[in-house]
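Undergrad: This is the structure I have questions about; it appears just below.
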Protein chains: 2
Amino acid sequence: MQPRANRRVTREEVARLAGTSVAVVSYVVNDGPRPVAEATRQRVLQAIKDTGYQPNGIARALASGTTRTFGAIVPNIANPFVAALAHELLQESMKYGHVMLLGDSGDSSQQEREVVLSLLNRQTDGLIYISVDRHPYSDLIRQHGTPVVMLDGVSPAAGIAVLRVDERRAAKDVTLHLLSHGYQRVGVISGPLSMLNTRDRLAGWRDAMDSYRLPVNDSWIVPADYTREGGYLAARQLLAEKQYPDALFVCNEPMAIGCLRALAEQGINVPDDLALVCFNGTDQAAYHQPSLTCVRQPIASIASSALKILREWQGGGGLTESQYFLQTGRSCGCVL
Amino acid sequence: MQPRANRRVTREEVARLAGTSVAVVSYVVNDGPRPVAEATRQRVLQAIKDTGYQPNGIARALASGTTRTFGAIVPNIANPFVAALAHELLQESMKYGHVMLLGDSGDSSQQEREVVLSLLNRQTDGLIYISVDRHPYSDLIRQHGTPVVMLDGVSPAAGIAVLRVDERRAAKDVTLHLLSHGYQRVGVISGPLSMLNTRDRLAGWRDAMDSYRLPVNDSWIVPADYTREGGYLAARQLLAEKQYPDALFVCNEPMAIGCLRALAEQGINVPDDLALVCFNGTDQAAYHQPSLTCVRQPIASIASSALKILREWQGGGGLTESQYFLQTGRSCGCVL
DNA sequence: CTGAAAGCGCTAACAT
DNA sequence: ATGTTAGCGCTTTCAG
């Protein structure tokens, strides 16, 4: 099959024009592994310019065994937190001359499988992997031998590195912040109960309630699906209770935003009538009415750590914890 | 260089185990181009299962001339409109077994150049290209011969396909909507004046004002940088005028969001004190207070059209216009 | 229906 | 310092 209509210029043509061999052209292009006389180098560079030669990365990848390409598998790039992280990953990859294949699972575990297989056979130099649920396809990846960093709550295993924040502690901290304002009936809008990170975040909320010796009311835990719409519906459901909470811990930002809308529609003032904090906020948090108090992950440093692990891959499977921080807005009752 | 520690299984091993030749293995794996006897096929399939063979996509790409990979070059994946579009592009690519290299220019034209070169030498089967400004590197792409669809306001050229909405008309329509509510002093928060789409959107706003025979006040055009922060600052600047507009056309959604924040801080009610519409809204538009009236682009159909153009590439350079639609929220004064 | 073999464009070891 | 050449793993033509 002809990939393209117009003939591509190859190394051979450059070599002929420069009156040298293809090896020397390689040495010039790659600045190694052997030295080249300055005069020759100049002739080669000129020939490259004249012919408009551009190296074929695929051929180089086949011969060298490295594609200079990473892969990222994410649940859905349209999620602002994921998009912000992807942005950092892309910026960071480029610093080392790598590009990134982005695999979007469309929030479906089945589709995630296809994405994983697809990226594996593209021979990426490494994978960043955020699974949609707690059944990641890590075995497929390990079997293939591609280095991988999971940014998930899963436990590390042989051949799988994990980089994450301690979500349980983070959830506890942000709930404690709420409690420090004097709220006592703190409900939760959580993600799907089947997901690992939902469990961690719920556990953190419980830890906080326990440390204040406050009772937890199970009807105040409303599971939703991590979307704005889900948060909206969950909030409406909660408001239908005869006695609803005076504060909420919402397990991600999109749901908090949906929640805010439901509350506004019912004329419930945040934070006066109902305070609210959320997990995994983004830059958007400061731009809502009221601004959202949230747990934030240091996405830039996560991105650079993750890629560093891939670059220096030792076949390893360590666990790296990254820091988180609280960003206060007005939604929790703080006066700014 | 050794790409990986553990030995990979190749076609040859499969062939040996199945007692046949590598060509037949190929025929089985690719389901062509030559037929294979059923008995042989079964033996090969079994051998593949036994060895855990996974084809090497790079070698296949080199031999076949097609990488089954597209590339997308975007200004910044963290922009919600871009992220939503990328999501659709990724979903659509996958339908045809393609993956996508994502190039993020980081809103920098210089970095965009590197990204373009990087994706070009990876031999993608085609590129989707949104340039950060009006100086796209289309020449580099055309010279390389890679099919490309630009989702921009640029004019089509030989070897470059363009897919876009008529931004001028869209801007006019949404401004007319504002005017239909009776506002007369409509200001603009625009993008950088150097950008092509800024000009189109401004022209549309002028068209609308003209058709109502309303005067336009140049101090009501505040250029910003298409970010939330930029919109925030622009709004504050506008409010400092002695007599400011009674309505605003904001040239993208992030700026409208920044604007909303500035107005809320000043206690200015939207839409009662100042109405507002924006360009390129996303699903988020409905979740702000008040919900945003905006021009929306049909991202799913844009994604599928763009990829269709790449798949059926004829070396062509056509212009395809895609429809837009207005989504009404409360920010313009509509009562919902 | 199946096998042998010539590439795809490049890297890098081995010669010189 | 430079040239020669054997692969990298696969596709596909050309012969059986």
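Following the order of the structure tokens, first chain is A, next is B, and so on, with residues numbered from 1 inside each chain and ligands from 1 in the order they appear.
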Can you pull out every residue within 7 Å of region 119-130 of chain A, counting only C-alpha atoms (C1' of nucleotides), but drop anything in the same chain fewer than 3 positions away, and send it as a PyMOL selection string?

TA: (chain A and resi 66-75+115-116+146-152+310) or (chain B and resi 54-58)

Undergrad: With N, CA, C and O atoms kept, could you save the residues just selected as an mmCIF file, in the first residue's frame?

TA:
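File written: result25.cif
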data_model
loop_
_atom_site.group_PDB
_atom_site.id
_atom_site.type_symbol
_atom_site.label_atom_id
_atom_site.label_comp_id
_atom_site.auth_asym_id
_atom_site.auth_seq_id
_atom_site.Cartn_x
_atom_site.Cartn_y
_atom_site.Cartn_z
ATOM 1 N N THR A 66 12.988 1.949 20.315
ATOM 2 C CA THR A 66 12.285 2.918 21.142
ATOM 3 C C THR A 66 11.469 3.845 20.248
ATOM 4 O O THR A 66 11.963 4.347 19.238
ATOM 5 N N THR A 67 10.240 4.069 20.635
ATOM 6 C CA THR A 67 9.344 4.846 19.779
ATOM 7 C C THR A 67 9.335 6.325 20.133
ATOM 8 O O THR A 67 8.691 7.117 19.458
ATOM 9 N N ARG A 68 9.996 6.675 21.228
ATOM 10 C CA ARG A 68 9.913 8.067 21.710
ATOM 11 C C ARG A 68 8.457 8.482 21.862
ATOM 12 O O ARG A 68 8.075 9.620 21.573
ATOM 13 N N THR A 69 7.665 7.553 22.266
ATOM 14 C CA THR A 69 6.238 7.797 22.412
ATOM 15 C C THR A 69 5.752 7.169 23.707
ATOM 16 O O THR A 69 6.095 6.036 24.014
ATOM 17 N N PHE A 70 4.995 7.940 24.470
ATOM 18 C CA PHE A 70 4.343 7.365 25.635
ATOM 19 C C PHE A 70 2.864 7.222 25.337
ATOM 20 O O PHE A 70 2.359 7.782 24.363
ATOM 21 N N GLY A 71 2.191 6.480 26.160
ATOM 22 C CA GLY A 71 0.748 6.369 26.004
ATOM 23 C C GLY A 71 0.079 6.754 27.306
ATOM 24 O O GLY A 71 0.649 6.558 28.378
ATOM 25 N N ALA A 72 -1.109 7.335 27.220
ATOM 26 C CA ALA A 72 -1.876 7.622 28.429
ATOM 27 C C ALA A 72 -3.273 7.056 28.232
ATOM 28 O O ALA A 72 -3.881 7.255 27.180
ATOM 29 N N ILE A 73 -3.729 6.344 29.226
ATOM 30 C CA ILE A 73 -5.073 5.781 29.157
ATOM 31 C C ILE A 73 -5.892 6.449 30.244
ATOM 32 O O ILE A 73 -5.574 6.341 31.429
ATOM 33 N N VAL A 74 -6.914 7.165 29.829
ATOM 34 C CA VAL A 74 -7.723 7.905 30.797
ATOM 35 C C VAL A 74 -9.205 7.577 30.607
ATOM 36 O O VAL A 74 -9.626 7.200 29.517
ATOM 37 N N PRO A 75 -9.982 7.717 31.670
ATOM 38 C CA PRO A 75 -11.404 7.390 31.564
ATOM 39 C C PRO A 75 -12.130 8.293 30.574
ATOM 40 O O PRO A 75 -12.936 7.832 29.779
ATOM 41 N N VAL A 115 -8.517 -0.048 24.245
ATOM 42 C CA VAL A 115 -7.530 1.023 24.252
ATOM 43 C C VAL A 115 -6.182 0.493 24.726
ATOM 44 O O VAL A 115 -5.144 0.772 24.130
ATOM 45 N N VAL A 116 -6.207 -0.292 25.794
ATOM 46 C CA VAL A 116 -4.969 -0.852 26.330
ATOM 47 C C VAL A 116 -4.275 -1.694 25.264
ATOM 48 O O VAL A 116 -3.082 -1.520 24.989
ATOM 49 N N THR A 146 5.528 -3.631 28.850
ATOM 50 C CA THR A 146 5.644 -2.175 28.753
ATOM 51 C C THR A 146 5.643 -1.550 30.154
ATOM 52 O O THR A 146 4.803 -1.898 30.977
ATOM 53 N N PRO A 147 6.565 -0.634 30.413
ATOM 54 C CA PRO A 147 6.571 0.072 31.700
ATOM 55 C C PRO A 147 5.240 0.796 31.901
ATOM 56 O O PRO A 147 4.672 1.321 30.935
ATOM 57 N N VAL A 148 4.764 0.801 33.120
ATOM 58 C CA VAL A 148 3.475 1.460 33.350
ATOM 59 C C VAL A 148 3.415 2.079 34.736
ATOM 60 O O VAL A 148 3.886 1.507 35.713
ATOM 61 N N VAL A 149 2.847 3.286 34.774
ATOM 62 C CA VAL A 149 2.575 3.936 36.051
ATOM 63 C C VAL A 149 1.070 4.091 36.177
ATOM 64 O O VAL A 149 0.437 4.707 35.318
ATOM 65 N N MET A 150 0.514 3.527 37.222
ATOM 66 C CA MET A 150 -0.920 3.696 37.443
ATOM 67 C C MET A 150 -1.150 4.858 38.393
ATOM 68 O O MET A 150 -0.529 4.951 39.447
ATOM 69 N N LEU A 151 -2.050 5.741 37.990
ATOM 70 C CA LEU A 151 -2.372 6.880 38.853
ATOM 71 C C LEU A 151 -3.695 6.570 39.527
ATOM 72 O O LEU A 151 -4.700 7.226 39.303
ATOM 73 N N ASP A 152 -3.675 5.572 40.333
ATOM 74 C CA ASP A 152 -4.920 5.037 40.838
ATOM 75 C C ASP A 152 -4.771 4.615 42.277
ATOM 76 O O ASP A 152 -3.675 4.598 42.813
ATOM 77 N N LEU A 310 8.821 6.370 34.370
ATOM 78 C CA LEU A 310 8.882 5.650 33.089
ATOM 79 C C LEU A 310 10.269 5.740 32.470
ATOM 80 O O LEU A 310 10.810 4.750 31.979
ATOM 81 N N GLN B 54 1.716 -11.066 20.209
ATOM 82 C CA GLN B 54 1.020 -9.821 19.905
ATOM 83 C C GLN B 54 1.803 -9.111 18.817
ATOM 84 O O GLN B 54 3.000 -8.854 18.976
ATOM 85 N N PRO B 55 1.130 -8.787 17.709
ATOM 86 C CA PRO B 55 1.822 -8.193 16.563
ATOM 87 C C PRO B 55 2.522 -6.896 16.962
ATOM 88 O O PRO B 55 2.045 -6.165 17.820
ATOM 89 N N ASN B 56 3.609 -6.613 16.352
ATOM 90 C CA ASN B 56 4.341 -5.373 16.577
ATOM 91 C C ASN B 56 3.853 -4.324 15.579
ATOM 92 O O ASN B 56 4.089 -4.408 14.380
ATOM 93 N N GLY B 57 3.142 -3.370 16.126
ATOM 94 C CA GLY B 57 2.515 -2.361 15.279
ATOM 95 C C GLY B 57 3.510 -1.502 14.518
ATOM 96 O O GLY B 57 3.212 -0.999 13.438
ATOM 97 N N ILE B 58 4.684 -1.320 15.086
ATOM 98 C CA ILE B 58 5.687 -0.487 14.423
ATOM 99 C C ILE B 58 6.198 -1.178 13.168
ATOM 100 O O ILE B 58 6.286 -0.569 12.102
#

Undergrad: Using only C-alpha atoms (C1' of nucleotides), which chain B residues lie at most 6 Å away from chain D, written as a VMD selection string?

TA: chain B and resid 59 to 60 63 to 64

Undergrad: What's the separation between CA of Val36 (chain B) and C1' of DC1 (chain C), in Å to one decimal place?

TA: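 Going from CA of Val36 (chain B) over to C1' of DC1 (chain C) covers 6.4 Å.
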
Undergrad: List every residue of chain C that has an atom at most 8 Å from any atom of chain A, and for each one report the closest atom pair and its distance in Å to one decimal, counting only C-alpha atoms (C1' of nucleotides), with rows sorted by chain and then by increasing residue number, as a Markdown table.

TA:
| residue | atom | partner | partner_atom | distance |
| --- | --- | --- | --- | --- |
| C:DC8 | C1' | A:Ala59 | CA | 7.7 |
| C:DG9 | C1' | A:Ala59 | CA | 5.0 |
| C:DC10 | C1' | A:Arg60 | CA | 4.9 |
| C:DT11 | C1' | A:Ala63 | CA | 5.5 |

Undergrad: Determine, counting only C-alpha atoms (C1' of nucleotides), which protein, DNA and RNA residues have an atom within 8 Å of an atom of Val25 (chain B); residues of the same chain fewer than 6 positions away are not included. Present the result as a PyMOL selection string.

TA: chain B and resi 11+14-15+44

Undergrad: Could you write out the selected residues, including N, CA, C and O atoms, as a CSV table (one decimal), in the first residue's frame?

TA:
chain,number,residue,atom,x,y,z
B,11,ARG,N,6.5,-13.4,14.8
B,11,ARG,CA,5.7,-14.1,13.8
B,11,ARG,C,6.4,-15.5,13.5
B,11,ARG,O,5.8,-16.5,13.3
B,14,VAL,N,5.6,-18.2,16.0
B,14,VAL,CA,4.3,-18.7,15.8
B,14,VAL,C,4.3,-19.6,14.6
B,14,VAL,O,3.7,-20.7,14.7
B,15,ALA,N,4.9,-19.2,13.6
B,15,ALA,CA,5.0,-20.0,12.4
B,15,ALA,C,5.6,-21.4,12.6
B,15,ALA,O,5.1,-22.4,12.3
B,44,VAL,N,-2.7,-22.1,13.4
B,44,VAL,CA,-2.0,-20.8,13.6
B,44,VAL,C,-2.7,-20.1,14.8
B,44,VAL,O,-2.0,-19.6,15.7

Undergrad: From a DSSP pass on the backbone, collect the residues of region 122-294 of chain B flagged as strand (DSSP E) and hand them back as a count of residues only.

TA: 29

Undergrad: For Glu13 (chain B), please output as a PyMOL selection string all residues within 10 Å (counting only C-alpha atoms (C1' of nucleotides); exclusion window: fewer than 2 positions along the same chain).

TA: chain B and resi 8-11+15-19+21-22+47-48+51+53

Undergrad: Can you list, as a PyMOL selection string, every protein, DNA or RNA residue that comes within 9 Å of Leu239 (chain A) when you count only C-alpha atoms (C1' of nucleotides), leaving out same-chain residues fewer than 6 positions away?

TA: chain A and resi 245+263+266

Undergrad: In region 179-283 of chain A, what's helix (DSSP H, G or I) per DSSP? Answer as a VMD selection string?

TA: chain A and resid 179 to 180 196 to 211 218 to 220 228 to 239 253 to 265 283

Undergrad: What's the 8 Å shell around His288 (chain B), counting only C-alpha atoms (C1' of nucleotides), without same-chain residues fewer than 4 positions away, as a list in words?

TA: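 My reading of the contact set: Arg261, His288 and Gln289 of chain A; Ile257, Gln284 and Leu292 of chain B.
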
Undergrad: With all heavy atoms retained, export the selected residues as a PDB file, in the first residue's frame.

TA:
ATOM      1  N   ARG A 261     -25.783  23.734  41.167  1.00  0.00           N
ATOM      2  CA  ARG A 261     -26.910  24.137  40.336  1.00  0.00           C
ATOM      3  C   ARG A 261     -28.242  23.740  40.967  1.00  0.00           C
ATOM      4  O   ARG A 261     -29.185  24.521  41.018  1.00  0.00           O
ATOM      5  CB  ARG A 261     -26.794  23.477  38.962  1.00  0.00           C
ATOM      6  CG  ARG A 261     -27.866  23.943  38.021  1.00  0.00           C
ATOM      7  CD  ARG A 261     -27.881  23.097  36.782  1.00  0.00           C
ATOM      8  NE  ARG A 261     -28.849  23.611  35.831  1.00  0.00           N
ATOM      9  CZ  ARG A 261     -29.224  22.946  34.754  1.00  0.00           C
ATOM     10  NH1 ARG A 261     -28.682  21.766  34.488  1.00  0.00           N
ATOM     11  NH2 ARG A 261     -30.104  23.458  33.940  1.00  0.00           N
ATOM     12  N   HIS A 288     -16.492  29.448  40.360  1.00  0.00           N
ATOM     13  CA  HIS A 288     -17.916  29.191  40.550  1.00  0.00           C
ATOM     14  C   HIS A 288     -18.468  30.084  41.648  1.00  0.00           C
ATOM     15  O   HIS A 288     -17.729  30.688  42.407  1.00  0.00           O
ATOM     16  CB  HIS A 288     -18.151  27.707  40.844  1.00  0.00           C
ATOM     17  CG  HIS A 288     -18.203  26.902  39.581  1.00  0.00           C
ATOM     18  ND1 HIS A 288     -19.359  26.709  38.866  1.00  0.00           N
ATOM     19  CD2 HIS A 288     -17.225  26.277  38.881  1.00  0.00           C
ATOM     20  CE1 HIS A 288     -19.097  25.994  37.784  1.00  0.00           C
ATOM     21  NE2 HIS A 288     -17.805  25.721  37.771  1.00  0.00           N
ATOM     22  N   GLN A 289     -19.789  30.166  41.701  1.00  0.00           N
ATOM     23  CA  GLN A 289     -20.458  30.972  42.716  1.00  0.00           C
ATOM     24  C   GLN A 289     -21.167  30.048  43.681  1.00  0.00           C
ATOM     25  O   GLN A 289     -22.146  29.442  43.296  1.00  0.00           O
ATOM     26  CB  GLN A 289     -21.474  31.932  42.085  1.00  0.00           C
ATOM     27  CG  GLN A 289     -20.970  32.721  40.898  1.00  0.00           C
ATOM     28  CD  GLN A 289     -19.765  33.563  41.208  1.00  0.00           C
ATOM     29  OE1 GLN A 289     -19.569  33.949  42.364  1.00  0.00           O
ATOM     30  NE2 GLN A 289     -18.951  33.840  40.198  1.00  0.00           N
TER      31      GLN A 289
ATOM     32  N   ILE B 257     -16.865  32.917  31.804  1.00  0.00           N
ATOM     33  CA  ILE B 257     -16.860  32.446  33.181  1.00  0.00           C
ATOM     34  C   ILE B 257     -16.069  33.396  34.076  1.00  0.00           C
ATOM     35  O   ILE B 257     -16.494  33.744  35.181  1.00  0.00           O
ATOM     36  CB  ILE B 257     -16.284  31.009  33.232  1.00  0.00           C
ATOM     37  CG1 ILE B 257     -17.300  30.054  32.601  1.00  0.00           C
ATOM     38  CG2 ILE B 257     -15.959  30.606  34.660  1.00  0.00           C
ATOM     39  CD1 ILE B 257     -16.765  28.659  32.343  1.00  0.00           C
ATOM     40  N   GLN B 284     -20.701  22.720  30.138  1.00  0.00           N
ATOM     41  CA  GLN B 284     -20.616  23.509  31.368  1.00  0.00           C
ATOM     42  C   GLN B 284     -21.554  24.710  31.367  1.00  0.00           C
ATOM     43  O   GLN B 284     -21.931  25.196  32.427  1.00  0.00           O
ATOM     44  CB  GLN B 284     -19.194  24.066  31.520  1.00  0.00           C
ATOM     45  CG  GLN B 284     -18.195  23.044  31.891  1.00  0.00           C
ATOM     46  CD  GLN B 284     -17.632  23.331  33.275  1.00  0.00           C
ATOM     47  OE1 GLN B 284     -18.341  23.779  34.165  1.00  0.00           O
ATOM     48  NE2 GLN B 284     -16.368  23.061  33.434  1.00  0.00           N
ATOM     49  N   LEU B 292     -25.372  29.982  30.905  1.00  0.00           N
ATOM     50  CA  LEU B 292     -24.901  30.837  29.816  1.00  0.00           C
ATOM     51  C   LEU B 292     -25.620  30.577  28.493  1.00  0.00           C
ATOM     52  O   LEU B 292     -25.765  29.434  28.066  1.00  0.00           O
ATOM     53  CB  LEU B 292     -23.399  30.604  29.599  1.00  0.00           C
ATOM     54  CG  LEU B 292     -22.481  31.006  30.742  1.00  0.00           C
ATOM     55  CD1 LEU B 292     -21.082  30.439  30.529  1.00  0.00           C
ATOM     56  CD2 LEU B 292     -22.432  32.525  30.845  1.00  0.00           C
TER      57      LEU B 292
END

Undergrad: List the neighbours of Ser118 (chain B) out to 9 Å using only C-alpha atoms (C1' of nucleotides); skip same-chain residues closer than 4 positions along the sequence, and give me the result as a PyMOL selection string.

TA: (chain A and resi 57+97-99) or (chain B and resi 103+113-114+122)

Undergrad: With distances taken over only C-alpha atoms, which of A:Gly329, A:Pro80, A:Gly318, A:Gly231 is nearest to chain B?

TA: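 The answer is A:Pro80, which sits nearest to chain B.
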
Undergrad: Please determine, counting only C-alpha atoms, which residue among B:Gly153, B:Pro254, B:Gly159, B:Pro223 has the shortest atom-to-atom distance to Ser138 (chain B).

TA: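 Smallest distance to Ser138 (chain B) is found for B:Gly159.
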